[in-house]
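Novice: Attaching a single structure in structure tokens format; questions to follow.
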There are 2 protein chains.
Amino acid sequence: MTWSDYSSDDCSIARTAQILGDRWAVLVVRDLFNGVRRFDELQRHLGIARDVLTKRLALLVDEGLVEKRPVKVEGERARHEYVLTEPGRELRTMLIAIMDWGDRYRAGADGPPVQIRHRECGAPVHARLMCTDGHEIAPETRTELVVMAGARFRG
Amino acid sequence: MTWSDYSSDDCSIARTAQILGDRWAVLVVRDLFNGVRRFDELQRHLGIARDVLTKRLALLVDEGLVEKRPVKVEGERARHEYVLTEPGRELRTMLIAIMDWGDRYRAGADGPPVQIRHRECGAPVHARLMCTDGHEIAPETRTELVVMAGARFRG
DNA sequence: CATCTGAGTCTGTAATCAAGACTCAGAGGT
DNA sequence: ACCTCTGAGTCTTGATTACAGACTCAGATG
């Protein structure tokens with residue numbers, strides 16, 4: 001029973017890619033993380049087409065990663081802003097894993113553009129693989145894939 | 001100077017998304033990780049259109065994540081296979097971060113379909129955030145973004 | 001010589017994306 | 001009251017890209 005006997009769609013990576021597997025989705029989440037909250041600000045910063053942004057945000061809201069909430073500031077007209085929900089915020093590990101890879105293999109001559117730091121101690125933060133017994137999984141460390149109850153055979 | 005004053009494209013996440021920001025790219029890499037190596041096997045398992053697979057593989061080869069190498073098995077015609085390079089293999093942390101998220105928020109009733117384990121001790125492997133001082137960065141732990149030399153202002 | 005298979009390429013249609021114009025409602029100025 | 005500005009979209013019109021399936025081509029197989 002090899003990996004390719006199991007359904008490709010029935011996989012947590014495939015399901016996540018269904019939501020984030022788009023050139024823009026990840027960047028929208030990144031910007032939301034970095035405090036961008038309003039439609040026009042996202043649109044300008046990302047350079048995304050307006051209708052596409054509308055659709056992406058709607059999907060993210062639909063999938064529960066983002067909340068669209070009304071904001072009423074005194075003396076201004078009512079607006080809304082887009083804020084990450086808890087599931088959305090839990091993507092931080094993934095984002096930092098992506099960033100680590102890019103920093104390493106796609107940084108320009110001046111090095112990485114930004115760094116994420118632990119607010120309390122100031123040290124840079126990275127994504128690491130660990131097993132639940134506390135061993136660090138280095139690049140050469142072998143891992144194996146074990147099929148669990150949730151798996152489905154290929155249709 | 002806020003985040004949105006800096007160029008969105010000049011960011012390691014944006015650069016990585018340029019390569020992997022596609023519904024299929026991540027799944028192709030996942031399958032290569034899991035030992036699928038041949039064109040037809042990828043095509044069948046993923047259910048991707050053949051011409052799209054051709055293009056994705058070409059991009060991954062171009063970007064240096066995948067190597068296309070000829071294979072000559074005795075008694076068979078020469079073929080080639082697609083194998084991850086070292087940069088490609090370094091995506092493991094990202095893949096597992098994506099999988100962790102999906103396992104948590106998108107698993108079906110039967111739980112996660114597969115588990116990755118440390119081959120030596122058998123314990124499940126997960127992606128974690130750590131600062132270089134060794135502190136674990138839990139979901140509530142605050143991080144901050146520091147702009148470095150590689151950053152560019154918005155054009 | 002006819003058939004099979006792996007690894008694509010080609011073709012026609014459907015879906016998405018991009019860029020910019022247009023809409024609409026509320027706030028501010030005159 | 002009227003005009004203008006802005007935020008947050010929606011609409012429209014090409015240009016790209018995806019999808020499904022047919023077609024190709026070379027070397028093994030019978």
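Just so we're on the same page: first chain in the structure tokens is A, next is B, and so on; residues restart at 1 for each chain, and ligands are numbered from 1 in the order they show up.
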Using only C-alpha atoms (C1' of nucleotides), what table do you get, as a Markdown table, when you list each residue of chain C with an atom no more than 10 Å from chain B, its nearest pair of atoms, and their distance in Å rounded to one decimal, rows by chain then rising number?
Specialist:
```
| residue | atom | partner | partner_atom | distance |
| --- | --- | --- | --- | --- |
| C:DT5 | C1' | B:Arg77 | CA | 10.0 |
| C:DG6 | C1' | B:Asp40 | CA | 7.2 |
| C:DA7 | C1' | B:Phe39 | CA | 6.8 |
| C:DG8 | C1' | B:Thr54 | CA | 7.7 |
| C:DT9 | C1' | B:Asp51 | CA | 7.8 |
| C:DC10 | C1' | B:Asp51 | CA | 9.7 |
```
Novice: Could you tell me which residues of chain B sit within 12 Å of chain D when counting only C-alpha atoms (C1' of nucleotides), and give me the result as a list in words?
Specialist: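 In the required form, that comes to Asp22, Arg23, Trp24, Gly47, Ile48, Ala49, Arg50, Asp51, Val52, Leu53, Lys55, Glu74, Gly75, Glu76, Arg77, Ala78 and Arg79 of chain B.
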Novice: From a DSSP pass on the backbone, collect the residues of chain A flagged as strand (DSSP E) and hand them back as a ChimeraX atom specification.
Specialist: /A:66-71,79-84,114-118,125-131,143-147
Novice: Counting only C-alpha atoms, which residues in chain B sit no more than 6 Å from chain A? For each one, give the nearest pair of atoms and the distance in Å, sorted by chain then residue number, as JSON lines.
Specialist:
```
{"residue": "B:Ser4", "atom": "CA", "partner": "A:His45", "partner_atom": "CA", "distance": 5.9}
{"residue": "B:Ser8", "atom": "CA", "partner": "A:Leu46", "partner_atom": "CA", "distance": 5.8}
{"residue": "B:Ser12", "atom": "CA", "partner": "A:Gly102", "partner_atom": "CA", "distance": 4.4}
{"residue": "B:Ile13", "atom": "CA", "partner": "A:Met99", "partner_atom": "CA", "distance": 4.9}
{"residue": "B:Thr16", "atom": "CA", "partner": "A:Gly102", "partner_atom": "CA", "distance": 5.5}
{"residue": "B:Gly21", "atom": "CA", "partner": "A:Arg23", "partner_atom": "CA", "distance": 4.3}
{"residue": "B:Asp22", "atom": "CA", "partner": "A:Asp22", "partner_atom": "CA", "distance": 4.9}
{"residue": "B:Arg23", "atom": "CA", "partner": "A:Gly21", "partner_atom": "CA", "distance": 4.3}
{"residue": "B:His45", "atom": "CA", "partner": "A:Ser4", "partner_atom": "CA", "distance": 6.0}
{"residue": "B:Leu46", "atom": "CA", "partner": "A:Ser8", "partner_atom": "CA", "distance": 5.9}
{"residue": "B:Met94", "atom": "CA", "partner": "A:Ala97", "partner_atom": "CA", "distance": 4.9}
{"residue": "B:Ala97", "atom": "CA", "partner": "A:Met94", "partner_atom": "CA", "distance": 4.9}
{"residue": "B:Ile98", "atom": "CA", "partner": "A:Ile13", "partner_atom": "CA", "distance": 5.8}
{"residue": "B:Met99", "atom": "CA", "partner": "A:Ile13", "partner_atom": "CA", "distance": 4.9}
{"residue": "B:Gly102", "atom": "CA", "partner": "A:Ser12", "partner_atom": "CA", "distance": 4.4}
{"residue": "B:Asp103", "atom": "CA", "partner": "A:Ser12", "partner_atom": "CA", "distance": 5.5}
{"residue": "B:Asp110", "atom": "CA", "partner": "A:Gly150", "partner_atom": "CA", "distance": 4.5}
{"residue": "B:Gly111", "atom": "CA", "partner": "A:Gly150", "partner_atom": "CA", "distance": 5.1}
{"residue": "B:Pro112", "atom": "CA", "partner": "A:Gly150", "partner_atom": "CA", "distance": 5.1}
{"residue": "B:Pro113", "atom": "CA", "partner": "A:Gly150", "partner_atom": "CA", "distance": 3.9}
{"residue": "B:Val114", "atom": "CA", "partner": "A:Val147", "partner_atom": "CA", "distance": 4.4}
{"residue": "B:Gln115", "atom": "CA", "partner": "A:Val146", "partner_atom": "CA", "distance": 5.1}
{"residue": "B:Ile116", "atom": "CA", "partner": "A:Leu145", "partner_atom": "CA", "distance": 4.7}
{"residue": "B:Arg117", "atom": "CA", "partner": "A:Glu144", "partner_atom": "CA", "distance": 5.2}
{"residue": "B:His118", "atom": "CA", "partner": "A:Thr143", "partner_atom": "CA", "distance": 4.7}
{"residue": "B:Arg119", "atom": "CA", "partner": "A:Thr143", "partner_atom": "CA", "distance": 4.9}
{"residue": "B:Ala123", "atom": "CA", "partner": "A:Cys131", "partner_atom": "CA", "distance": 5.6}
{"residue": "B:Pro124", "atom": "CA", "partner": "A:Cys131", "partner_atom": "CA", "distance": 5.3}
{"residue": "B:Val125", "atom": "CA", "partner": "A:Cys131", "partner_atom": "CA", "distance": 4.0}
{"residue": "B:His126", "atom": "CA", "partner": "A:Met130", "partner_atom": "CA", "distance": 5.6}
{"residue": "B:Ala127", "atom": "CA", "partner": "A:Leu129", "partner_atom": "CA", "distance": 4.5}
{"residue": "B:Arg128", "atom": "CA", "partner": "A:Arg128", "partner_atom": "CA", "distance": 5.2}
{"residue": "B:Leu129", "atom": "CA", "partner": "A:Ala127", "partner_atom": "CA", "distance": 4.5}
{"residue": "B:Met130", "atom": "CA", "partner": "A:Val125", "partner_atom": "CA", "distance": 5.5}
{"residue": "B:Cys131", "atom": "CA", "partner": "A:Val125", "partner_atom": "CA", "distance": 4.0}
{"residue": "B:Thr132", "atom": "CA", "partner": "A:Ala123", "partner_atom": "CA", "distance": 5.7}
{"residue": "B:Arg142", "atom": "CA", "partner": "A:Arg119", "partner_atom": "CA", "distance": 5.7}
{"residue": "B:Thr143", "atom": "CA", "partner": "A:His118", "partner_atom": "CA", "distance": 4.7}
{"residue": "B:Glu144", "atom": "CA", "partner": "A:Arg117", "partner_atom": "CA", "distance": 5.2}
{"residue": "B:Leu145", "atom": "CA", "partner": "A:Ile116", "partner_atom": "CA", "distance": 4.7}
{"residue": "B:Val146", "atom": "CA", "partner": "A:Gln115", "partner_atom": "CA", "distance": 5.1}
{"residue": "B:Val147", "atom": "CA", "partner": "A:Val114", "partner_atom": "CA", "distance": 4.4}
{"residue": "B:Met148", "atom": "CA", "partner": "A:Val114", "partner_atom": "CA", "distance": 5.0}
{"residue": "B:Ala149", "atom": "CA", "partner": "A:Asp110", "partner_atom": "CA", "distance": 5.8}
{"residue": "B:Gly150", "atom": "CA", "partner": "A:Pro113", "partner_atom": "CA", "distance": 3.9}
{"residue": "B:Ala151", "atom": "CA", "partner": "A:Pro113", "partner_atom": "CA", "distance": 4.0}
```
Novice: Deliver the residues from the most recent selection as a file, using N, CA and C atoms, as a short mmCIF file (atom, residue, chain, number, x, y, z; two decimals), in the first residue's frame.
Specialist:
```cif
data_model
loop_
_atom_site.label_atom_id
_atom_site.label_comp_id
_atom_site.auth_asym_id
_atom_site.auth_seq_id
_atom_site.Cartn_x
_atom_site.Cartn_y
_atom_site.Cartn_z
N SER B 4 3.08 48.66 5.38
CA SER B 4 2.57 48.86 4.03
C SER B 4 3.32 49.94 3.26
N SER B 8 5.55 45.10 -1.35
CA SER B 8 4.97 43.80 -1.08
C SER B 8 5.73 42.67 -1.76
N SER B 12 10.17 37.70 1.42
CA SER B 12 10.48 36.29 1.21
C SER B 12 9.22 35.45 1.04
N ILE B 13 8.13 35.89 1.63
CA ILE B 13 6.88 35.15 1.45
C ILE B 13 6.37 35.36 0.04
N THR B 16 8.50 33.35 -2.40
CA THR B 16 8.22 31.92 -2.34
C THR B 16 6.85 31.62 -2.96
N GLY B 21 2.83 29.43 -5.17
CA GLY B 21 1.49 29.97 -5.00
C GLY B 21 0.56 29.53 -6.11
N ASP B 22 0.26 28.29 -6.12
CA ASP B 22 -0.55 27.71 -7.16
C ASP B 22 -1.16 26.47 -6.54
N ARG B 23 -2.36 26.20 -6.93
CA ARG B 23 -3.06 25.08 -6.33
C ARG B 23 -2.26 23.78 -6.44
N HIS B 45 -2.23 10.47 -9.89
CA HIS B 45 -2.52 10.63 -8.48
C HIS B 45 -3.14 11.99 -8.16
N LEU B 46 -2.61 13.02 -8.80
CA LEU B 46 -3.10 14.36 -8.51
C LEU B 46 -4.38 14.69 -9.26
N MET B 94 7.81 23.65 5.85
CA MET B 94 6.61 24.33 5.38
C MET B 94 5.47 23.34 5.16
N ALA B 97 4.05 22.30 8.38
CA ALA B 97 3.28 23.39 8.99
C ALA B 97 1.89 23.45 8.34
N ILE B 98 1.85 23.29 7.03
CA ILE B 98 0.57 23.30 6.32
C ILE B 98 -0.28 22.12 6.77
N MET B 99 0.37 20.97 6.87
CA MET B 99 -0.35 19.76 7.27
C MET B 99 -0.89 19.88 8.69
N GLY B 102 -4.01 21.93 8.60
CA GLY B 102 -5.12 21.17 8.03
C GLY B 102 -5.60 20.08 8.97
N ASP B 103 -4.68 19.41 9.62
CA ASP B 103 -5.06 18.37 10.58
C ASP B 103 -5.93 18.96 11.68
N ASP B 110 -12.82 11.20 11.05
CA ASP B 110 -11.89 10.14 11.43
C ASP B 110 -10.50 10.65 11.79
N GLY B 111 -10.39 11.94 11.89
CA GLY B 111 -9.08 12.49 12.24
C GLY B 111 -8.17 12.59 11.03
N PRO B 112 -6.94 13.00 11.28
CA PRO B 112 -5.98 13.22 10.21
C PRO B 112 -5.74 11.95 9.40
N PRO B 113 -5.56 12.10 8.11
CA PRO B 113 -5.32 10.95 7.24
C PRO B 113 -3.93 10.33 7.38
N VAL B 114 -2.93 11.15 7.57
CA VAL B 114 -1.59 10.58 7.74
C VAL B 114 -0.84 11.32 8.84
N GLN B 115 0.20 10.67 9.31
CA GLN B 115 1.02 11.29 10.34
C GLN B 115 2.48 11.15 9.92
N ILE B 116 3.25 12.16 10.23
CA ILE B 116 4.69 12.08 9.97
C ILE B 116 5.36 11.75 11.29
N ARG B 117 6.24 10.76 11.25
CA ARG B 117 6.92 10.37 12.49
C ARG B 117 8.43 10.42 12.36
N HIS B 118 9.04 10.70 13.47
CA HIS B 118 10.49 10.63 13.58
C HIS B 118 10.87 9.16 13.43
N ARG B 119 11.73 8.86 12.47
CA ARG B 119 11.99 7.46 12.18
C ARG B 119 12.70 6.76 13.33
N ALA B 123 7.97 9.03 17.32
CA ALA B 123 7.03 10.07 17.78
C ALA B 123 6.62 10.97 16.63
N PRO B 124 5.38 11.44 16.66
CA PRO B 124 4.91 12.33 15.60
C PRO B 124 5.69 13.64 15.54
N VAL B 125 5.81 14.16 14.35
CA VAL B 125 6.59 15.37 14.11
C VAL B 125 5.66 16.53 13.79
N HIS B 126 5.96 17.69 14.37
CA HIS B 126 5.18 18.89 14.07
C HIS B 126 6.11 20.08 13.86
N ALA B 127 5.56 21.09 13.21
CA ALA B 127 6.32 22.33 13.04
C ALA B 127 6.05 23.23 14.24
N ARG B 128 7.11 23.80 14.77
CA ARG B 128 6.99 24.68 15.94
C ARG B 128 7.77 25.96 15.69
N LEU B 129 7.32 27.02 16.32
CA LEU B 129 8.10 28.26 16.25
C LEU B 129 8.99 28.36 17.47
N MET B 130 10.23 28.70 17.21
CA MET B 130 11.19 28.86 18.31
C MET B 130 12.02 30.10 18.02
N CYS B 131 12.40 30.79 19.07
CA CYS B 131 13.36 31.86 18.84
C CYS B 131 14.75 31.28 19.02
N THR B 132 15.75 31.98 18.53
CA THR B 132 17.10 31.41 18.56
C THR B 132 17.67 31.37 19.98
N ARG B 142 3.68 36.94 21.62
CA ARG B 142 3.77 38.04 20.69
C ARG B 142 5.11 38.05 19.98
N THR B 143 5.05 38.34 18.70
CA THR B 143 6.27 38.53 17.95
C THR B 143 6.21 39.90 17.31
N GLU B 144 7.36 40.39 16.89
CA GLU B 144 7.34 41.67 16.20
C GLU B 144 8.13 41.56 14.91
N LEU B 145 7.80 42.47 14.02
CA LEU B 145 8.43 42.44 12.71
C LEU B 145 9.46 43.56 12.65
N VAL B 146 10.67 43.21 12.31
CA VAL B 146 11.73 44.21 12.23
C VAL B 146 12.20 44.32 10.80
N VAL B 147 12.23 45.52 10.29
CA VAL B 147 12.65 45.74 8.91
C VAL B 147 14.17 45.71 8.82
N MET B 148 14.68 44.97 7.87
CA MET B 148 16.13 44.78 7.74
C MET B 148 16.65 45.47 6.47
N ALA B 149 17.92 45.28 6.24
CA ALA B 149 18.59 45.94 5.11
C ALA B 149 17.98 45.56 3.77
N GLY B 150 17.50 44.34 3.63
CA GLY B 150 16.99 43.88 2.34
C GLY B 150 15.66 44.49 1.92
N ALA B 151 15.03 45.25 2.81
CA ALA B 151 13.70 45.79 2.49
C ALA B 151 13.78 46.92 1.47
#
```
Novice: Could you check how far atom CA of B:Leu32 sits from atom CA of B:Tyr82, in Å to one decimal?
Specialist: 7.4 Å
